[in-house]
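The file protein-v1.txt comes next; it holds compact mmCIF, C-alpha atoms.
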```txt
# COMPACT_ATOMS: atom_id res chain seq x y z
CA MET X 5 176.12 116.13 -6.50
CA ILE X 6 174.30 115.82 -3.21
CA ARG X 7 174.80 112.05 -3.28
CA THR X 8 178.57 112.42 -3.81
CA THR X 9 178.94 115.08 -1.13
CA VAL X 10 176.97 113.16 1.47
CA LEU X 11 178.76 109.92 0.76
CA ALA X 12 182.06 111.72 1.08
CA ALA X 13 180.96 113.15 4.40
CA LEU X 14 179.89 109.72 5.63
CA LEU X 15 183.26 108.33 4.57
CA ALA X 16 184.90 111.10 6.56
CA PHE X 17 183.15 109.62 9.58
CA GLY X 18 184.86 106.35 8.78
CA MET X 19 181.56 104.55 8.54
CA ALA X 20 181.75 103.14 5.06
CA GLY X 21 182.90 99.66 5.76
CA VAL X 22 182.81 96.72 8.08
CA GLY X 23 184.78 97.21 11.24
CA ALA X 24 184.09 100.93 11.38
CA ALA X 25 181.90 100.66 14.46
CA ALA X 26 184.41 102.57 16.57
CA ASP X 27 183.95 105.59 14.29
CA ALA X 28 180.19 105.32 13.99
CA PRO X 29 178.20 108.51 14.59
CA THR X 30 176.76 109.06 18.03
CA ASP X 31 173.06 109.51 18.72
CA PRO X 32 173.46 113.32 19.07
CA GLN X 33 175.21 113.38 15.66
CA ILE X 34 172.62 111.10 14.05
CA ALA X 35 169.85 113.31 15.45
CA HIS X 36 171.50 116.34 13.87
CA ILE X 37 171.95 114.60 10.51
CA ALA X 38 168.36 113.29 10.43
CA TYR X 39 166.88 116.64 11.44
CA THR X 40 169.02 118.49 8.90
CA ALA X 41 168.02 116.07 6.14
CA GLY X 42 164.34 116.57 6.94
CA GLN X 43 164.60 120.33 7.16
CA ILE X 44 166.37 120.46 3.79
CA ASP X 45 163.42 118.75 2.14
CA VAL X 46 160.95 121.08 3.86
CA VAL X 47 162.80 124.10 2.43
CA ALA X 48 162.98 122.47 -1.01
CA ALA X 49 159.23 121.82 -0.83
CA GLU X 50 158.51 125.43 0.11
CA GLN X 51 160.52 126.58 -2.90
CA ALA X 52 158.54 124.21 -5.17
CA ILE X 53 155.18 125.34 -3.77
CA LYS X 54 156.20 128.93 -4.44
CA LYS X 55 157.60 128.45 -7.93
CA SER X 56 155.58 125.67 -9.52
CA THR X 57 152.13 125.78 -11.05
CA ASN X 58 152.01 122.05 -11.75
CA ALA X 59 149.35 120.27 -9.62
CA ASP X 60 151.39 117.06 -9.22
CA ILE X 61 154.48 118.96 -8.12
CA ILE X 62 152.55 121.14 -5.68
CA ALA X 63 150.74 118.13 -4.19
CA PHE X 64 154.02 116.24 -3.80
CA ALA X 65 155.82 119.22 -2.28
CA THR X 66 152.94 119.86 0.14
CA LEU X 67 153.15 116.26 1.32
CA MET X 68 156.94 116.51 1.71
CA ALA X 69 156.63 119.65 3.83
CA ALA X 70 153.98 118.07 6.09
CA ASP X 71 155.60 114.65 6.51
CA HIS X 72 159.16 115.85 7.09
CA LYS X 73 157.95 118.49 9.53
CA ALA X 74 156.01 115.81 11.43
CA VAL X 75 159.10 113.59 11.70
CA ASN X 76 161.28 116.49 12.77
CA ASP X 77 158.77 117.63 15.40
CA GLN X 78 158.69 114.08 16.74
CA ALA X 79 162.49 113.86 16.67
CA LEU X 80 162.79 117.14 18.57
CA ALA X 81 160.31 115.97 21.19
CA LEU X 82 162.20 112.70 21.56
CA VAL X 83 165.67 114.22 21.93
CA THR X 84 164.26 116.67 24.47
CA LYS X 85 162.74 113.78 26.42
CA LEU X 86 166.01 111.83 26.25
CA GLY X 87 168.07 114.86 27.20
CA VAL X 88 170.08 114.58 23.98
CA THR X 89 171.49 117.72 22.36
CA PRO X 90 171.88 117.29 18.57
CA GLU X 91 175.53 117.78 17.63
CA ASP X 92 176.67 119.43 14.41
CA ASN X 93 179.07 117.34 12.33
CA PRO X 94 180.68 117.13 8.86
CA THR X 95 177.81 115.12 7.36
CA SER X 96 175.20 117.69 8.43
CA GLN X 97 177.42 120.46 7.10
CA ALA X 98 177.91 118.69 3.77
CA LEU X 99 174.17 118.11 3.49
CA SER X 100 173.42 121.78 4.20
CA GLN X 101 176.01 123.05 1.73
CA ALA X 102 174.86 120.74 -1.05
CA ALA X 103 171.24 121.69 -0.39
CA ALA X 104 172.02 125.42 -0.52
CA ASP X 105 173.78 124.92 -3.85
CA LYS X 106 170.85 122.94 -5.24
CA LEU X 107 168.34 125.51 -4.01
CA ALA X 108 170.25 128.28 -5.82
CA GLU X 109 170.51 126.16 -8.97
CA LEU X 110 166.77 125.41 -8.98
CA ASP X 111 165.91 129.02 -8.28
CA LYS X 112 167.26 129.97 -11.73
CA LEU X 113 164.78 127.62 -13.41
CA ASP X 114 161.11 128.19 -14.16
CA GLY X 115 158.08 126.30 -15.44
CA ALA X 116 158.53 122.73 -16.63
CA ALA X 117 162.32 122.99 -16.39
CA PHE X 118 162.02 123.73 -12.67
CA ASP X 119 159.43 120.97 -12.13
CA LYS X 120 161.58 118.38 -13.87
CA ALA X 121 164.75 119.37 -12.01
CA TYR X 122 162.98 119.56 -8.63
CA ILE X 123 161.41 116.13 -8.87
CA ALA X 124 164.59 114.55 -10.24
CA ASN X 125 166.46 115.94 -7.26
CA GLU X 126 163.78 114.62 -4.88
CA VAL X 127 164.29 111.12 -6.29
CA ALA X 128 168.08 111.35 -5.92
CA TYR X 129 167.94 113.04 -2.52
CA HIS X 130 165.58 110.49 -0.97
CA ALA X 131 167.65 107.63 -2.43
CA THR X 132 170.78 109.08 -0.84
CA VAL X 133 169.19 109.74 2.55
CA ASN X 134 167.54 106.30 2.56
CA GLY X 135 170.89 104.69 1.77
CA ALA X 136 172.53 106.57 4.64
CA LEU X 137 169.68 105.68 7.02
CA SER X 138 169.74 101.97 6.27
CA SER X 139 173.49 101.47 6.01
CA VAL X 140 174.85 103.86 8.62
CA LEU X 141 172.44 105.86 10.74
CA ILE X 142 169.97 103.17 11.88
CA PRO X 143 172.65 100.53 12.60
CA SER X 144 174.65 103.12 14.55
CA ALA X 145 171.78 104.45 16.68
CA GLN X 146 172.02 103.28 20.28
CA ASN X 147 168.78 104.39 21.92
CA ALA X 148 165.97 101.94 21.08
CA GLU X 149 163.24 104.59 20.88
CA PHE X 150 165.39 106.78 18.66
CA LYS X 151 166.28 103.82 16.43
CA GLU X 152 162.56 103.05 16.09
CA LEU X 153 161.82 106.62 14.96
CA LEU X 154 164.61 106.40 12.38
CA LYS X 155 163.10 103.15 11.07
CA THR X 156 159.70 104.82 10.71
CA GLY X 157 161.51 107.65 8.93
CA LEU X 158 163.09 105.17 6.52
CA THR X 159 159.69 103.60 5.75
CA LEU X 160 158.25 107.06 5.14
CA PHE X 161 161.15 108.29 3.00
CA THR X 162 161.10 105.10 0.92
CA GLU X 163 157.43 105.87 0.21
CA HIS X 164 158.45 109.40 -0.75
CA GLN X 165 161.15 108.06 -3.08
CA HIS X 166 158.64 105.82 -4.90
CA HIS X 167 156.14 108.67 -5.04
CA ALA X 168 158.82 110.99 -6.47
CA GLU X 169 159.77 108.39 -9.07
CA MET X 170 156.13 108.17 -10.20
CA VAL X 171 155.86 111.96 -10.52
CA ALA X 172 159.26 112.17 -12.24
CA ALA X 173 158.13 109.62 -14.84
CA LYS X 174 155.53 112.15 -16.04
CA PHE X 175 158.30 114.59 -16.92
CA GLN X 176 160.37 112.21 -19.06
CA MET Z 19 108.25 68.06 36.55
CA THR Z 20 106.59 70.71 38.53
CA ALA Z 21 104.48 73.36 36.92
CA LEU Z 22 107.02 75.96 38.01
CA ILE Z 23 109.93 74.27 36.20
CA LYS Z 24 107.77 73.78 33.08
CA LEU Z 25 106.96 77.45 33.10
CA ALA Z 26 110.61 78.41 33.47
CA LEU Z 27 111.69 76.13 30.62
CA THR Z 28 108.99 77.54 28.38
CA GLY Z 29 110.21 81.00 29.17
CA VAL Z 30 113.79 80.10 28.23
CA LEU Z 31 112.60 78.49 25.00
CA VAL Z 32 110.56 81.51 24.03
CA ALA Z 33 113.44 83.89 24.79
CA GLY Z 34 115.90 81.73 22.82
CA THR Z 35 113.62 81.64 19.81
CA ALA Z 36 113.16 85.38 19.92
CA LEU Z 37 116.93 85.96 20.05
CA ALA Z 38 117.53 83.60 17.14
CA ALA Z 39 114.96 85.45 15.07
CA MET Z 40 116.59 88.86 15.66
CA PRO Z 41 119.13 90.14 13.13
CA ALA Z 42 122.80 90.03 14.26
CA PHE Z 43 123.91 93.19 16.03
CA ALA Z 44 126.28 95.37 14.03
CA ALA Z 45 129.77 95.30 15.51
CA ASP Z 46 132.53 97.88 15.76
CA TYR Z 47 136.05 97.00 14.60
CA THR Z 48 139.11 99.20 14.93
CA ILE Z 49 141.89 99.26 12.35
CA VAL Z 50 144.93 100.96 13.82
CA ILE Z 51 147.39 102.85 11.64
CA ASP Z 52 150.85 103.18 13.13
CA LYS Z 53 154.43 103.52 11.88
CA MET Z 54 153.34 103.80 8.24
CA LYS Z 55 151.28 100.60 8.29
CA PHE Z 56 147.62 99.58 8.44
CA GLY Z 57 147.13 97.15 11.34
CA PRO Z 58 145.20 93.88 11.08
CA VAL Z 59 141.77 94.08 9.48
CA PRO Z 60 138.78 92.29 11.08
CA ALA Z 61 138.47 88.67 10.01
CA GLU Z 62 134.66 88.65 10.13
CA LEU Z 63 133.24 91.85 8.77
CA HIS Z 64 129.57 92.09 7.82
CA ALA Z 65 127.54 94.70 5.99
CA GLY Z 66 126.30 97.18 8.60
CA ASP Z 67 129.36 96.82 10.84
CA THR Z 68 131.42 99.88 11.67
CA VAL Z 69 135.11 100.18 10.94
CA ILE Z 70 136.91 102.69 13.13
CA TRP Z 71 140.02 103.96 11.37
CA GLN Z 72 142.39 105.03 14.14
CA ASN Z 73 145.46 106.95 12.99
CA ASN Z 74 148.06 106.72 15.76
CA ASP Z 75 150.78 107.90 13.38
CA ILE Z 76 152.43 111.30 13.30
CA PHE Z 77 151.51 111.69 9.62
CA ARG Z 78 148.28 112.44 7.80
CA HIS Z 79 146.95 109.31 6.13
CA SER Z 80 143.84 108.24 4.28
CA ALA Z 81 141.88 105.03 3.90
CA THR Z 82 140.91 105.12 0.26
CA ALA Z 83 139.12 102.36 -1.64
CA ARG Z 84 140.61 101.40 -5.00
CA ASP Z 85 137.07 101.40 -6.41
CA LYS Z 86 136.53 104.90 -4.93
CA SER Z 87 133.62 103.64 -2.77
CA PHE Z 88 135.17 105.36 0.27
CA ASP Z 89 137.88 107.92 0.90
CA VAL Z 90 138.47 108.66 4.57
CA ASP Z 91 140.79 111.51 5.49
CA LEU Z 92 142.82 110.76 8.64
CA PRO Z 93 144.88 113.64 10.02
CA ALA Z 94 147.53 112.59 12.55
CA GLY Z 95 146.09 111.34 15.83
CA THR Z 96 142.47 111.13 14.68
CA GLU Z 97 139.89 108.38 14.28
CA VAL Z 98 136.94 108.18 11.90
CA ARG Z 99 133.97 105.78 11.99
CA MET Z 100 132.77 104.24 8.74
CA VAL Z 101 129.79 101.93 8.31
CA VAL Z 102 130.50 99.27 5.71
CA GLY Z 103 127.74 98.65 3.23
CA ALA Z 104 128.78 96.85 0.10
CA VAL Z 105 129.44 93.13 0.29
CA GLY Z 106 132.64 91.86 -1.28
CA SER Z 107 136.38 92.37 -1.21
CA LEU Z 108 137.54 95.98 -1.10
CA ASP Z 109 141.21 96.86 -1.58
CA PHE Z 110 142.23 100.10 0.08
CA PHE Z 111 145.37 102.22 0.34
CA CYS Z 112 146.66 105.51 1.73
CA LYS Z 113 146.54 108.06 -1.07
CA PHE Z 114 149.41 109.98 0.52
CA HIS Z 115 151.60 106.90 0.97
CA PRO Z 116 150.42 104.39 -1.65
CA GLY Z 117 152.69 101.64 -0.35
CA MET Z 118 150.31 101.33 2.61
CA THR Z 119 147.60 98.89 1.54
CA GLY Z 120 145.00 96.47 2.87
CA THR Z 121 141.79 94.61 2.00
CA LEU Z 122 138.38 94.58 3.68
CA VAL Z 123 136.39 91.41 3.12
CA ILE Z 124 132.71 92.11 3.83
CA ALA Z 125 130.19 89.28 4.17
CA PRO Z 126 126.39 89.75 3.98
```

Could you render the structure from this file as structure tokens?
Amino acid sequence: MIRTTVLAALLAFGMAGVGAAADAPTDPQIAHIAYTAGQIDVVAAEQAIKKSTNADIIAFATLMAADHKAVNDQALALVTKLGVTPEDNPTSQALSQAAADKLAELDKLDGAAFDKAYIANEVAYHATVNGALSSVLIPSAQNAEFKELLKTGLTLFTEHQHHAEMVAAKFQ
Amino acid sequence: MTALIKLALTGVLVAGTALAAMPAFAADYTIVIDKMKFGPVPAELHAGDTVIWQNNDIFRHSATARDKSFDVDLPAGTEVRMVVGAVGSLDFFCKFHPGMTGTLVIAP
């Protein structure tokens, strides 16, 4: 669901194929998308910490909250330094809407059903964000320092995806 | 050879022998962590040397031995000193980001 919505939003930017450079997102838009994506996972983590009693889920969620907050703090400091104002855009809006829907869906679940659904969504969510980072956001970023931060973010989120896959395997 | 030169040479010889007899001084080596990676590890590490784990990243990391012989917590922007004891090859990783790995090779 999130994957479909985000991909649709990226397509709306006209960034899906070769030759779409003219429609590529700007640095202010990329900053908004990256920050939104991080914040979504922080909120999802806070929900998991509140609802779950599973040690693996709580440990994973605690790490997600800390790591994504660290990246977002760094991103905020960087855009402030560069004088860039993050700009809202259809991709950020699609991400936020899909996340709100998923949050409401997960809120109805409890116990192992919640844990399983939360970690499955973390796997899918990180895969989607990583795909967007590597195929669209990083290649489109213009500022070298900003591009470097996005690359560090991709390395981090890829780690998170593998970590989520390992935790998810315990719920199969 | 004058007596003075002989005396000086004897002094150098004695000092050299004394230095050779002393155990090697323990050295400090820094391993920098940055951008989700462990930096290069020291090529010549000996038991008694100190490894300084320096976390320049914006994330909390750890330096954790696979054999559980050490587990160093490294909050963002911190450094921790660790004296290496055991001789051998020690694989380590970050327990928060297990894709981050490295190996310490410790000689006697």

With a distance cut-off of 10 Å and only C-alpha atoms, select the neighbouring residues of Leu82 of chain X, excluding the residue or stretch itself and same-chain residues fewer than 3 positions from it, and output the selection as a list in words.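 Here the answer would be Ala35, Asn76, Asp77, Gln78, Ala79, Lys85, Leu86, Gly87, Val88, Glu149, Phe150 and Leu153 of chain X.
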
Give me, as JSON, numbers by chain, the residues of chain X touching chain Z, with the criterion being at most 9 Å (counting only C-alpha atoms). {"X": [64, 67, 70, 71, 74, 75, 78, 153, 155, 156, 157, 159, 160, 163, 164, 166, 167]}

Determine, for each residue of segment 53-73 of chain Z having at least one atom at most 9 Å from an atom of segment 99-106 of chain Z, the closest pair of atoms and their separation in Å to one decimal, counting all atoms listed in the file; order by chain and ascending number, as JSON lines.
```
{"residue": "Z:Leu63", "atom": "CA", "partner": "Z:Val102", "partner_atom": "CA", "distance": 8.5}
{"residue": "Z:His64", "atom": "CA", "partner": "Z:Val102", "partner_atom": "CA", "distance": 7.5}
{"residue": "Z:Ala65", "atom": "CA", "partner": "Z:Gly103", "partner_atom": "CA", "distance": 4.8}
{"residue": "Z:Gly66", "atom": "CA", "partner": "Z:Val102", "partner_atom": "CA", "distance": 5.5}
{"residue": "Z:Asp67", "atom": "CA", "partner": "Z:Val101", "partner_atom": "CA", "distance": 5.7}
{"residue": "Z:Thr68", "atom": "CA", "partner": "Z:Val101", "partner_atom": "CA", "distance": 4.3}
{"residue": "Z:Val69", "atom": "CA", "partner": "Z:Met100", "partner_atom": "CA", "distance": 5.2}
{"residue": "Z:Ile70", "atom": "CA", "partner": "Z:Arg99", "partner_atom": "CA", "distance": 4.4}
{"residue": "Z:Trp71", "atom": "CA", "partner": "Z:Arg99", "partner_atom": "CA", "distance": 6.3}
{"residue": "Z:Gln72", "atom": "CA", "partner": "Z:Arg99", "partner_atom": "CA", "distance": 8.7}
```

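Take atom CA of Ile51 of chain Z and atom CA of Glu152 of chain X: the distance between them is 15.8 Å.
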
What is the distance, in Å and to one decimal place, between atom CA of Ile37 of chain X and atom CA of Ile61 of chain X?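 Calculated distance between atom CA of Ile37 of chain X and atom CA of Ile61 of chain X is 25.9 Å.
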
Just to confirm, what's the straight-line distance from atom CA of Val59 of chain Z to atom CA of Ile124 of chain Z in Å (one decimal)?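 Straight-line distance from atom CA of Val59 of chain Z to atom CA of Ile124 of chain Z works out to 10.9 Å.
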
Which residue, X:Gly135, X:Met170, X:Lys120, X:Glu126, has the smallest gap to Ala65 of chain X when you use all atoms listed in the file?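 Smallest separation from Ala65 of chain X among the options: X:Glu126.
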
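Comparing the minimum interatomic distances between Asp105 of chain X and each of X:Ile44, X:His130, X:His36, X:Leu154, counting all atoms listed in the file, we find that X:Ile44 sits nearest.
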
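The shortest atom-to-atom distance to Lys55 of chain X, with all atoms listed in the file taken into account, belongs to X:Ala116 out of X:Ala41, X:Leu80, X:Val127, X:Ala116.
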
Please provide as a count of residues only all residues within 12 Å of Arg84 of chain Z, with the sequence filter that same-chain residues fewer than 6 positions apart are discarded (counting all atoms listed in the file). 12

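Checking Z:Asn74, Z:Val90, Z:Ala81, Z:Val98 one by one against Val50 of chain Z, counting all atoms listed in the file, you find the shortest gap at Z:Asn74.
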
Would you mind listing what lies within 8 Å of Pro60 of chain Z as a list in words, with all atoms listed in the file counted and same-chain residues fewer than 6 positions away left out?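 Once the adjacent positions are removed, what remains is Tyr47, Thr48, Ile49 and Leu122 of chain Z.
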
Could you please take those selected residues and save C-alpha atoms as a JSON list (two decimals), in the frame of the given file?
```
[["chain", "number", "residue", "atom", "x", "y", "z"],
["Z", 47, "TYR", "CA", 136.05, 97.00, 14.60],
["Z", 48, "THR", "CA", 139.11, 99.20, 14.93],
["Z", 49, "ILE", "CA", 141.89, 99.26, 12.35],
["Z", 122, "LEU", "CA", 138.38, 94.58, 3.68]]
```

Could you check the closest approach to Ser96 of chain X for each of X:Tyr39, X:Ala69, X:Ser56, X:Phe175 and tell me which residue wins, using all atoms listed in the file? X:Tyr39

Tell me which protein, DNA and RNA residues are within 8 Å of Leu158 of chain X, counting only C-alpha atoms, leaving out same-chain ones fewer than 3 positions away, and put them as a list in words. Asn134, Leu137, Ser138, Leu154, Lys155, Phe161 and Thr162 of chain X

Using the selection just defined, write its residues with C-alpha atoms as a short mmCIF file (atom, residue, chain, number, x, y, z; two decimals), keeping the file's coordinate frame.
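And here is the file that came out, part35.cif:
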```
data_model
loop_
_atom_site.label_atom_id
_atom_site.label_comp_id
_atom_site.auth_asym_id
_atom_site.auth_seq_id
_atom_site.Cartn_x
_atom_site.Cartn_y
_atom_site.Cartn_z
CA ASN X 134 167.54 106.30 2.56
CA LEU X 137 169.68 105.68 7.02
CA SER X 138 169.74 101.97 6.27
CA LEU X 154 164.61 106.40 12.38
CA LYS X 155 163.10 103.15 11.07
CA PHE X 161 161.15 108.29 3.00
CA THR X 162 161.10 105.10 0.92
#
```

Padding of 3 Å on every side, edges along x, y and z, all listed atoms of segment 39-58 of chain X included: what centre and edge lengths in Å, to one decimal, does that box have, as AutoDock Vina command-line options?
```
--center_x 160.5 --center_y 122.5 --center_z -0.2 --size_x 23.0 --size_y 18.9 --size_z 29.2
```
